[in-house]
Amino acid sequence: MRPLLLLSLALFCAAPGAAQMAPAPAQNSTAPGTQERSITLREALDLAAKQNLDLLAARQRRAFALAGIQVAREIPNPNFTFSASRDAPHQAFLITQPLELGGKRGHRVELAQQEQALTDLDIKTVEQQVRRQVREGYFEVALARAESSRRASLLALVQRLHEIAKQRFAAGDVSQLEVNQAQLEVARADVDLRVARQQERVSNGQLSAVLNEPPETVWRVATPLEEAAVVPGLPELESDAYQANVELAHLQQELRVELSHTTLLRAQRVPDLDLGAGLDLNAPHDYRVGARGQFGLNLPIFSRNQGELAQSSAQQRILEAEAAAVRRGVAGRVQAAYYEWDARRAEVDLYRNILRPAATLVEQQAVESYRAGKTNLLTVLEAQRSAQEIDKNYLESLGSLQAAFAALEEITGTRLD
């Protein structure tokens with residue numbers, strides 16, 4: 001008690017007129033020049049799908065992949081050769097057309113299509129990452145606003161306690177120390193409220209960055225923090241993950257790309273045929289115009305893509321091993337994410353149904369007892385701190401529940417809401 005008395009007296013003496021000091025009025029969290037927008041979670045997800053910069057950049061890769069298919073469909077151009085010589089025939093021209101044998105063009109197109117499918121999976125991966133960022137950012141804003149509201153309620157409560165303390169001091173029931181203690185709690189609550197509102201601005205800026213909106217936008221989240229989507233059972237989630245997990249799907253598609261590459265390498269072992277046709281001109285005493293034809297091919301004697309095929313086969317074995325490892329780990333990751341979500345849900349229910357009502361009741365009883373002169377200020381402050389700590393933990397558990405849901409949705413690769 002003595003150290004607390006000395007601290008209170010020191011603070012009171014260090015600031016003349018501290019007993020008359022009033023906290024700064026509760027400020028509106030909307031600064032001048034900002035714009036307020038109300039938005040639901042669904043609207044935020046749709047907005048990010050349209051204008052998130054990372055997602056827009058990823059979608060540009062699809063045009064590149066489609067252009068690769070066009071390149072693969074191209075047919076080699078013919079060659080034209082003209083020659084002039086002192087020997088007969090004095091002039092000649094030849095048109096040569098390369099002919100791709102062994103189905104090279106078809107296998108090349110197939111490889112480009114598999115690469116385009118891989119690009120689509122890359123885009124899907126970015127979409128799921130952005131979806132998680134939006135959900136987490138959205139509920140960060142909701143959590144920051146709820147924390148600001150909680151701090152404002154706490155400030156109003158300690159202001160009422162300060163008024164009660166002054167009334168009891170005027171009546172001679174308590175000492176000046178209790179008035180100073182109450183004033184100190186008012187100042188502390190006011191500072192905490194200011195910090196919470198600054199954190200609210202930070203959360204708004206982070207959500208604006210994900211949505212590609214002006215950073216000064218103040219978001220009024222219309223979907224409550226307490227809202228939770230219904231999650232299917234664990235067996236269904238595991239089945240969905242095997243079908244839609246982007247990491248596993250990406251490895252499987254990489255394997256398809258490598259198989260198509262191997263098929264193309266084998267087709268390239270078949271030599272291409274060059275067919276040529278032309279005319280020989282101006283051969284005195286023999287002919288003036290004579291037909292000419294030729295064909296040629298590259299003999300696959302020394303190089304038959306042996307090294308390339310060995311590399312491709314090794315790459316296939318690597319991808320098969322990685323896919324098997326990921327497939328084995330998918331179920332474990334889904335289970336871990338599901339049990340994390342279930343634990344957070346149980347924690348939220350515990351705070352909502354048991355701890356918060358009990359703490360609120362104790363806090364109210366302590367305030368009424370202090371008003372009636374049956375207890376001291378320290379008892380009220382202890383009950384108040386306990387109730388506020390439980391409220392803070394409740395809000396954090398709601399935020400953790402939403403984050404666990406976002407992680408579970410990303411791991412399974414499906415939309416759960």
# chains A, B, ... in the order shown; residues from 1 in each chain; ligands from 1
>>> residues_around(residues="region 378-390 of chain A", least_positions_apart="6", cutoff="6 Å", atoms="only C-alpha atoms", output="list in words")
Ala359, Glu363, Ala366 and Val367 of chain A
>>> residues_around(residues="Ala48 (chain A)", least_positions_apart="5", cutoff="12 Å", atoms="only C-alpha atoms", output="NGL selection string")
:A and (41-43 or 53-56 or 126-135 or 137-138 or 207-213)
>>> closest_residue(among="A:Ala142, A:Val326, A:Ala57, A:Val202", to="Pro215 (chain A)", atoms="only C-alpha atoms")
A:Val202
>>> select_by_dssp(residues="region 16-201 of chain A", states="strand (DSSP E or B)", output="ChimeraX atom specification")
/A:35-39,79-84,91-99
>>> residues_around(residues="Ala244 (chain A)", least_positions_apart="2", cutoff="8 Å", atoms="only C-alpha atoms", output="count of residues only")
9
>>> atom_distance(atom1="CA of Ala63 (chain A)", atom2="CA of Lys104 (chain A)")
23.5 Å
>>> closest_residue(among="A:Gln60, A:Gln35, A:Thr360, A:Ser85", to="Leu281 (chain A)", atoms="only C-alpha atoms")
A:Ser85
>>> residues_around(residues="Val141 (chain A)", least_positions_apart="3", cutoff="8 Å", atoms="only C-alpha atoms", output="ChimeraX atom specification")
/A:137-138,144-145,200,203-204,207,219,221
>>> atom_distance(atom1="CA of Gln268 (chain A)", atom2="CA of Gly102 (chain A)")
7.3 Å
>>> select_by_dssp(residues="region 238-319 of chain A", states="alpha helix (DSSP H)", output="PyMOL selection string")
chain A and resi 238-244+246-267+306-319
>>> closest_atom_pairs(of="region 178-256 of chain A", to="region 346-358 of chain A", cutoff="12 Å", atoms="only C-alpha atoms", output="JSON lines")
{"residue": "A:Leu225", "atom": "CA", "partner": "A:Val348", "partner_atom": "CA", "distance": 11.4}
{"residue": "A:Glu226", "atom": "CA", "partner": "A:Val348", "partner_atom": "CA", "distance": 9.0}
{"residue": "A:Glu227", "atom": "CA", "partner": "A:Val348", "partner_atom": "CA", "distance": 11.5}
{"residue": "A:Ala228", "atom": "CA", "partner": "A:Val348", "partner_atom": "CA", "distance": 10.9}
>>> closest_atom_pairs(of="region 277-333 of chain A", to="region 253-259 of chain A", cutoff="8 Å", atoms="only C-alpha atoms", output="Markdown table")
| residue | atom | partner | partner_atom | distance |
| --- | --- | --- | --- | --- |
| A:Ser312 | CA | A:Glu258 | CA | 6.5 |
| A:Gln315 | CA | A:Glu258 | CA | 7.4 |
| A:Gln316 | CA | A:Leu255 | CA | 6.1 |
| A:Leu319 | CA | A:Leu255 | CA | 6.0 |
| A:Glu320 | CA | A:Leu255 | CA | 7.2 |
>>> closest_residue(among="A:Gln243, A:Arg269, A:Ala323, A:Pro214", to="Phe302 (chain A)", atoms="only C-alpha atoms")
A:Arg269
>>> residues_around(residues="region 147-160 of chain A", least_positions_apart="2", cutoff="6 Å", atoms="only C-alpha atoms", output="list in words")
Ala144, Arg145, His162, Glu163, Val186, Ala189, Leu193, Ala196 and Arg197 of chain A
>>> write_last_selection(atoms="C-alpha atoms", output="compact mmCIF listing (two decimals), in the first residue's frame")
# COMPACT_ATOMS: atom_id res chain seq x y z
CA ALA A 144 -9.59 -3.23 -34.14
CA ARG A 145 -12.99 -1.51 -34.13
CA HIS A 162 -13.80 8.94 -10.78
CA GLU A 163 -17.03 10.88 -10.24
CA VAL A 186 -8.98 7.68 -16.37
CA ALA A 189 -7.86 4.42 -20.22
CA LEU A 193 -8.21 4.37 -26.35
CA ALA A 196 -6.51 1.49 -30.12
CA ARG A 197 -7.82 4.05 -32.60
>>> atom_distance(atom1="CA of Leu401 (chain A)", atom2="CA of Ala325 (chain A)")
28.7 Å
>>> residues_around(residues="Ile123 (chain A)", least_positions_apart="5", cutoff="9 Å", atoms="only C-alpha atoms", output="list of chain:residue names")
A:Leu55, A:Ala58, A:Arg59, A:Arg61, A:Arg62, A:Leu118, A:Gln128
